[in-house]
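File shown: protein_16.txt (compact mmCIF, C-alpha atoms).
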# COMPACT_ATOMS: atom_id res chain seq x y z
CA MET W 261 7.24 -14.79 -13.24
CA GLU W 262 4.57 -17.49 -13.20
CA GLN W 263 6.32 -19.14 -10.27
CA LEU W 264 6.36 -15.87 -8.30
CA MET W 265 2.62 -15.40 -8.88
CA LYS W 266 2.05 -18.88 -7.51
CA GLU W 267 4.28 -18.21 -4.50
CA LEU W 268 2.19 -15.12 -3.82
CA ALA W 269 -1.00 -17.19 -4.06
CA PHE W 270 -2.54 -15.30 -6.98
CA PRO W 271 -5.93 -16.74 -8.02
CA GLU W 272 -5.42 -19.50 -10.58
CA ASP W 273 -7.39 -17.72 -13.30
CA ALA W 274 -5.26 -14.59 -12.79
CA VAL W 275 -2.06 -16.63 -13.12
CA ARG W 276 -3.34 -18.11 -16.40
CA GLU W 277 -4.50 -14.80 -17.86
CA VAL W 278 -1.40 -12.84 -16.88
CA THR W 279 0.87 -15.64 -18.11
CA ASP W 280 -0.99 -15.73 -21.44
CA ALA W 281 -0.65 -11.96 -21.76
CA ASP W 282 3.08 -12.26 -21.13
CA LYS W 283 3.41 -14.95 -23.81
CA LYS W 284 1.70 -12.60 -26.24
CA LEU W 285 4.21 -9.88 -25.38
CA GLN W 286 7.09 -12.28 -25.88
CA GLU W 287 5.94 -12.94 -29.44
CA GLY W 288 6.83 -9.38 -30.39
CA ILE W 289 9.15 -6.64 -29.18
CA TRP W 290 7.09 -5.72 -26.13
CA GLY W 291 8.30 -8.44 -23.81
CA ARG W 292 11.91 -7.47 -24.39
CA ARG W 293 11.03 -3.84 -23.98
CA LEU W 294 9.39 -4.48 -20.61
CA ASP W 295 12.48 -6.47 -19.56
CA GLU W 296 14.71 -3.53 -20.48
CA MET W 297 12.45 -1.03 -18.73
CA ALA W 298 12.38 -3.11 -15.54
CA ALA W 299 16.15 -3.63 -15.55
CA GLY W 300 16.76 0.08 -16.08
CA LEU W 301 14.37 1.13 -13.35
CA MET W 302 15.65 -1.35 -10.78
CA LYS W 303 19.24 -0.33 -11.43
CA LYS W 304 18.26 3.20 -10.52
CA MET W 305 16.21 2.02 -7.54
CA GLU W 306 19.16 0.08 -6.21
CA LYS W 307 21.05 3.37 -6.01
CA GLY W 308 18.12 5.03 -4.20
CA ALA W 309 16.37 8.40 -4.47
CA CYS W 310 14.69 7.62 -7.80
CA ARG W 311 11.04 7.40 -6.80
CA GLY W 312 9.80 9.59 -9.63
CA GLU W 313 11.27 7.16 -12.12
CA LEU W 314 8.64 4.50 -11.47
CA GLN W 315 5.78 6.71 -12.64
CA GLU W 316 7.74 7.56 -15.77
CA ALA W 317 8.34 3.87 -16.48
CA LEU W 318 4.66 3.07 -16.02
CA SER W 319 3.78 5.66 -18.66
CA GLY W 320 5.63 3.38 -21.07
CA CYS W 321 3.14 0.62 -20.26
CA GLU W 322 0.31 2.99 -21.10
CA GLN W 323 1.76 3.48 -24.57
CA MET W 324 1.83 -0.30 -25.11
CA GLU W 325 -1.87 -0.79 -24.45
CA GLU W 326 -3.07 0.24 -27.90
CA GLU W 327 -0.31 -1.67 -29.69
CA THR W 328 -0.75 -4.94 -27.81
CA GLY W 329 -4.46 -5.01 -27.01
CA ILE W 330 -3.57 -5.89 -23.43
CA HIS W 331 -5.24 -3.84 -20.71
CA ARG W 332 -3.07 -1.14 -19.23
CA TYR W 333 -3.51 -2.48 -15.70
CA THR W 334 -2.38 -5.96 -16.79
CA LEU W 335 0.66 -4.42 -18.48
CA ASP W 336 1.46 -2.56 -15.27
CA LEU W 337 1.28 -5.82 -13.34
CA LEU W 338 3.56 -7.56 -15.83
CA PHE W 339 6.06 -4.73 -15.47
CA LEU W 340 5.89 -4.81 -11.67
CA LEU W 341 6.37 -8.58 -11.62
CA ARG W 342 9.53 -8.17 -13.69
CA CYS W 343 10.76 -5.56 -11.24
CA ALA W 344 9.90 -7.88 -8.34
CA GLY W 345 12.07 -10.62 -9.85
CA ILE W 346 15.03 -8.26 -9.84
CA LEU W 347 14.12 -7.02 -6.38
CA ARG W 348 14.44 -10.56 -5.07
CA GLU W 349 18.06 -10.58 -6.17
CA ASN W 350 18.62 -7.18 -4.58
CA TYR W 351 17.31 -8.55 -1.28
CA LYS W 352 19.88 -11.33 -1.50
CA LYS W 353 22.66 -8.82 -2.13
CA LYS W 354 21.67 -6.98 1.03
CA GLY W 355 21.49 -10.19 3.04
CA LEU W 356 17.76 -9.79 3.61
CA PRO W 357 15.74 -13.00 4.02
CA ASP W 358 13.59 -14.30 1.19
CA ASP W 359 10.55 -14.60 3.44
CA LEU W 360 10.73 -10.83 4.05
CA PHE W 361 10.74 -10.33 0.28
CA LEU W 362 7.73 -12.61 -0.18
CA ASP W 363 5.82 -11.03 2.70
CA SER W 364 6.42 -7.57 1.25
CA MET W 365 5.55 -8.60 -2.31
CA MET W 366 2.27 -10.13 -1.12
CA ASP W 367 1.08 -6.57 -1.65
CA LEU W 368 0.96 -7.43 -5.38
CA LYS W 369 -1.77 -9.94 -4.58
CA TRP W 370 -3.77 -7.48 -2.49
CA LYS W 371 -3.57 -4.85 -5.24
CA LEU W 372 -4.50 -7.45 -7.86
CA LEU W 373 -7.62 -8.37 -5.88
CA GLU W 374 -8.54 -4.70 -5.58
CA CYS W 375 -8.21 -4.26 -9.34
CA ARG W 376 -10.39 -7.31 -9.98
CA ASN W 377 -13.02 -5.98 -7.62
CA ILE W 378 -13.11 -2.40 -8.89
CA TYR W 379 -12.41 -2.83 -12.59
CA GLY W 380 -12.83 -6.54 -13.30
CA VAL W 381 -9.25 -6.68 -14.63
CA ASN W 382 -6.37 -8.94 -13.61
CA GLY W 383 -3.90 -6.15 -13.11
CA ILE W 384 -2.89 -3.29 -10.82
CA PHE W 385 -4.19 0.28 -11.05
CA VAL W 386 -1.86 1.85 -8.48
CA GLY W 387 1.53 0.87 -9.88
CA PHE W 388 3.12 4.07 -8.55
CA TRP W 389 2.72 2.65 -5.04
CA TYR W 390 5.69 0.30 -5.40
CA ASP W 391 8.54 2.80 -5.40
CA ARG W 392 9.44 2.28 -1.75
CA PHE W 393 9.14 -1.46 -2.05
CA PHE W 394 11.54 -1.39 -4.99
CA ASP W 395 14.17 0.78 -3.34
CA ILE W 396 13.93 -1.51 -0.29
CA THR W 397 12.70 1.03 2.21
CA ARG W 398 9.14 -0.31 2.75
CA PHE W 399 8.58 -3.71 4.36
CA ALA W 400 5.65 -5.89 5.32
CA LEU W 401 6.17 -6.97 8.93
CA GLY W 402 3.14 -9.02 9.82
CA ARG W 403 -0.26 -7.39 9.27
CA PHE W 404 1.07 -3.93 8.39
CA GLN W 405 3.66 -2.33 6.14
CA PHE W 406 6.26 0.10 7.46
CA GLU W 407 8.88 2.61 6.32
CA GLU W 408 11.06 5.29 7.85
CA GLU W 409 9.86 8.83 7.31
CA THR W 410 10.23 12.29 8.81
CA PHE W 411 7.53 13.68 11.06
CA GLN W 412 5.20 16.04 9.19
CA GLY W 413 3.71 17.74 12.25
CA ASP W 414 5.23 20.59 14.21
CA LEU W 415 5.58 19.05 17.67
CA PHE W 416 4.07 16.09 19.52
CA GLN W 417 4.75 15.45 23.21
CA GLU W 418 3.64 12.66 25.49
CA ASP W 419 5.00 11.53 28.86
CA GLY W 420 8.18 13.54 28.41
CA PHE W 421 8.89 12.21 24.92
CA ALA W 422 8.88 14.77 22.09
CA VAL W 423 8.70 14.37 18.34
CA LYS W 424 9.37 17.50 16.33
CA LYS W 425 9.09 18.27 12.64
CA GLY W 426 11.76 16.42 10.65
CA ASP W 427 12.42 13.74 13.29
CA THR W 428 12.50 10.12 12.15
CA VAL W 429 9.22 8.27 12.63
CA ILE W 430 7.86 4.95 11.33
CA ASN W 431 5.09 5.38 8.81
CA MET W 432 2.61 2.52 8.55
CA HIS W 433 0.10 1.26 5.98
CA ILE W 434 -2.80 -1.16 6.26
CA PRO W 435 -2.99 -3.43 3.20
CA SER W 436 -6.39 -4.82 2.22
CA SER W 437 -5.40 -8.32 3.30
CA GLY W 438 -8.35 -9.13 5.53
CA PRO W 439 -9.85 -8.26 8.91
CA LEU W 440 -7.95 -6.07 11.32
CA ASP W 441 -7.39 -8.69 14.02
CA PRO W 442 -6.21 -7.03 17.28
CA ALA W 443 -3.63 -9.71 18.09
CA GLN W 444 -2.16 -9.53 14.58
CA ALA W 445 -2.09 -5.74 14.76
CA GLU W 446 -0.23 -5.65 18.08
CA ALA W 447 2.22 -8.33 16.94
CA SER W 448 2.96 -6.41 13.74
CA ILE W 449 3.61 -3.15 15.59
CA ALA W 450 5.87 -4.89 18.10
CA ARG W 451 7.75 -6.59 15.25
CA ALA W 452 8.28 -3.24 13.54
CA ALA W 453 9.52 -1.69 16.77
CA GLN W 454 12.11 -4.47 16.95
CA PHE W 455 12.99 -4.14 13.24
CA TYR W 456 13.69 -0.40 13.60
CA ARG W 457 15.10 -0.56 17.13
CA ASP W 458 18.49 0.89 16.15
CA GLN W 459 16.78 4.14 15.16
CA PHE W 460 15.21 4.47 18.61
CA PRO W 461 17.68 3.26 21.26
CA GLN W 462 15.61 4.87 24.01
CA GLY W 463 12.93 2.21 23.44
CA THR W 464 10.09 4.54 22.40
CA VAL W 465 9.05 4.29 18.76
CA PRO W 466 6.82 6.94 17.16
CA PHE W 467 4.44 5.46 14.59
CA VAL W 468 2.50 7.64 12.17
CA MET W 469 -0.17 7.01 9.58
CA ASP W 470 -1.72 9.13 6.84
CA SER W 471 -5.05 7.48 6.06
CA TRP W 472 -8.69 7.96 5.16
CA LEU W 473 -9.42 6.05 8.36
CA LEU W 474 -8.10 9.01 10.37
CA ASP W 475 -10.51 11.55 8.94
CA PRO W 476 -12.16 12.71 12.20
CA ASP W 477 -15.65 12.78 10.67
CA LEU W 478 -15.26 9.25 9.37
CA MET W 479 -13.89 8.10 12.73
CA LYS W 480 -17.19 9.18 14.29
CA MET W 481 -19.04 6.93 11.84
CA LEU W 482 -16.95 3.82 12.38
CA PRO W 483 -18.95 1.16 14.21
CA GLN W 484 -17.59 -0.28 17.42
CA GLY W 485 -15.08 -2.98 16.56
CA ASN W 486 -11.49 -3.73 15.70
CA ILE W 487 -10.98 -0.89 13.19
CA ARG W 488 -12.34 1.74 15.57
CA ARG W 489 -10.20 0.47 18.46
CA PHE W 490 -7.14 0.54 16.23
CA VAL W 491 -7.55 4.09 14.91
CA GLU W 492 -8.46 5.52 18.31
CA ARG W 493 -4.86 5.03 19.46
CA PHE W 494 -3.69 7.80 17.10
CA HIS W 495 -3.39 11.44 18.15
CA LEU W 496 -4.64 13.47 15.19
CA VAL W 497 -2.07 15.93 13.84
CA SER W 498 -3.68 17.28 10.67
CA VAL W 499 -6.59 16.71 8.30
CA GLU W 500 -7.04 17.25 4.57
CA LYS W 501 -10.52 17.24 3.07
CA GLY W 502 -11.27 16.61 -0.59
CA GLU W 503 -14.08 17.71 -2.88
CA THR W 504 -14.60 14.04 -3.67
CA PHE W 505 -14.05 11.04 -1.42
CA SER W 506 -11.18 9.53 -3.41
CA ASP W 507 -10.97 6.50 -1.12
CA GLY W 508 -14.64 5.71 -1.61
CA TRP W 509 -13.79 2.61 -3.62
CA ARG W 510 -12.53 1.02 -0.42
CA ILE W 511 -16.03 1.27 1.03
CA PHE W 512 -18.34 1.03 -1.97
CA GLY W 513 -16.34 -1.09 -4.41
CA PRO W 514 -17.02 -0.62 -8.13
CA GLU W 515 -20.01 1.64 -7.38
CA TRP W 516 -17.95 4.22 -5.55
CA GLU W 517 -18.27 6.97 -8.17
CA LYS W 518 -22.07 7.01 -8.10
CA ASP W 519 -24.02 9.98 -6.84
CA PRO W 520 -24.21 9.73 -3.02
CA ALA W 521 -27.97 9.14 -3.24
CA ASP W 522 -27.31 6.01 -5.31
CA LEU W 523 -24.41 4.54 -3.34
CA PRO W 524 -24.94 1.07 -1.88
CA ARG W 525 -26.15 0.98 1.70
CA THR W 526 -25.72 -2.67 2.61
CA THR W 527 -23.60 -2.09 5.75
CA ARG W 528 -23.87 0.35 8.61
CA LEU W 529 -20.67 2.08 7.53
CA GLN W 530 -21.80 2.37 3.90
CA THR W 531 -25.11 3.84 5.04
CA ALA W 532 -23.49 6.32 7.40
CA ILE W 533 -20.94 7.52 4.83
CA ALA W 534 -23.43 7.69 1.95
CA ASP W 535 -25.86 9.70 4.08
CA TYR W 536 -23.05 12.00 5.21
CA LEU W 537 -21.89 12.62 1.63
CA GLN W 538 -25.45 13.09 0.42
CA GLY W 539 -25.88 15.76 3.08
CA GLY W 540 -22.90 17.68 1.69
CA GLY W 541 -20.23 16.33 4.02
CA LYS W 542 -16.61 16.10 2.89
CA LEU W 543 -14.20 13.28 3.65
CA GLY W 544 -10.45 13.12 3.16
CA ALA W 545 -7.56 11.82 5.23
CA GLY W 546 -6.00 12.44 8.61
CA TYR W 547 -2.38 12.28 9.73
CA GLY W 548 -1.85 10.86 13.20
CA ILE W 549 0.81 9.61 15.60
CA PHE W 550 1.10 7.25 18.55
CA LEU W 551 4.02 6.12 20.67
CA TRP W 552 5.01 2.49 21.20
CA LYS W 553 7.07 2.01 24.33
CA GLN W 554 9.22 -0.92 25.33
CA LYS W 555 6.80 -1.78 28.13
CA ASP W 556 4.12 -2.35 25.46
CA ALA W 557 5.97 -5.44 24.24

Can you present the structure in this file as C-alpha cells?
Amino acid sequence: MEQLMKELAFPEDAVREVTDADKKLQEGIWGRRLDEMAAGLMKKMEKGACRGELQEALSGCEQMEEETGIHRYTLDLLFLLRCAGILRENYKKKGLPDDLFLDSMMDLKWKLLECRNIYGVNGIFVGFWYDRFFDITRFALGRFQFEEETFQGDLFQEDGFAVKKGDTVINMHIPSSGPLDPAQAEASIARAAQFYRDQFPQGTVPFVMDSWLLDPDLMKMLPQGNIRRFVERFHLVSVEKGETFSDGWRIFGPEWEKDPADLPRTTRLQTAIADYLQGGGKLGAGYGIFLWKQKDA
C-alpha cells in the first residue's frame, strides 16, 4: 500500500500519515476487516454490474470512524487503496498494461489533493466515484478519463452522422490534475478514439460529458482561454439546475459553502460566479456531445 502511494506520487506527509493510520488499524481487528471488505467488493466487481456495492462497503468505513479515531475520509482512502491493490492483479488477468492501471489510479492522488484542500484531511471524500475504475470500465487515457455509456439525449445529428438515445457513446471526465492544455486535450481525445475504435468502425466517435462546465450560464462567464475553447466544442443536449451550486468547491475551495456575498472574489471567474449567485442565479450541470472524426487525428 505504501509503495502504491509512492508510485502515485502522493505527498510525503500524506504517505506517512496514511501509513501510520493503517498501522493503527493493523493493531486491532479493523485492518483485517478492511482487507475482507476490499476482497469481497473486488470479487463482485470482477464479475461486473455491482456498482451499488461500493457505496455499501464505504458505509462500513463510516462505522469504523468512532471506534478507531481515524477520520472517515482517511478510512475511505485506506479502503480504496486496498481495492486498488487487488485491481492491479485484475488488470494483469485481463492482459491490461500496468501503466494503464497506474495512469487510471492517479485519480486517487487528485482526489486526495482535493480532500486536503477542502477539508484539510489526508483522505478521499468521494469514494463512491471509484466503482467504474474498479470494474475496469473507466480508464485514464492521457489528460482525461473515459468510459463507454449510452447516449442520454433523444437524437443528435451532424454531417449525416446520427446518435440516438441508447446508442453507445464515450463519456469523458476532467480530473483536477492541472491546467487544461490544448495539446494534451487533443492527444487524450485522439488516444481514446483509438482505444475504443472497435466500437466505432466507421471512424466517427461520439464523445459526451456531463459537467458543471457545460452549464450554459457558467459557460458565458468563463474567461477566454483553454477551458472556454474546450467546452465550446460541445453541443448542449440538456441542463439541470440546482438550488445550490454543488460544484462550488471546485471554484471557491474550502469557502464554497459561504453566503454568495461572502464568497472569495480573487479571480475573474470567482467574481463572476459569486455575483451571479448573489443576484439569485442558479448553476448546475449540462450534458453535451461532440463528434471526433478520423480526419481529426

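Going from atom CA of Asp391 of chain W to atom CA of Gly312 of chain W covers 8.1 Å.
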
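The space separating atom CA of Ser471 of chain W from atom CA of Ser498 of chain W comes to 10.9 Å.
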
*With distances taken over all atoms listed in the file, which of W:Arg276, W:Arg398, W:Arg403, W:Arg489 is nearest to Arg451 of chain W?*
W:Arg403

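Counting all atoms listed in the file and comparing W:Thr279, W:Asn486, W:Thr464, W:Ser436, the residue that lies closest to Ile330 of chain W is W:Thr279.
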
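Nearest residue to Gly308 of chain W among W:Asp395, W:Asp507, W:Asp519, W:Asp441 is W:Asp395, counting only C-alpha atoms.
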
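When the distance limit is 7 Å and only C-alpha atoms are what count, the residues near Asp336 of chain W, minus those fewer than 5 positions from it on the same chain, are Leu318, Cys321, Gly383, Ile384 and Gly387 of chain W.
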
Kindly export the residues of the current selection with C-alpha atoms, as a PDB file, in the frame of the given file.
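Writing done, so here's result10.pdb:
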ATOM      1  CA  LEU W 318       4.660   3.070 -16.020  1.00  0.00           C
ATOM      2  CA  CYS W 321       3.140   0.620 -20.260  1.00  0.00           C
ATOM      3  CA  GLY W 383      -3.900  -6.150 -13.110  1.00  0.00           C
ATOM      4  CA  ILE W 384      -2.890  -3.290 -10.820  1.00  0.00           C
ATOM      5  CA  GLY W 387       1.530   0.870  -9.880  1.00  0.00           C
TER       6      GLY W 387
END

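Interatomic distance, atom CA of Glu500 of chain W to atom CA of Gly544 of chain W: 5.5 Å.
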
*What would the list of residues within 9 Å of (9.9, 5.9, 9.5) (file frame) look like as an NGL selection string, if all atoms listed in the file are what count?*
:W and (406-411 or 428-432 or 456 or 466-468)
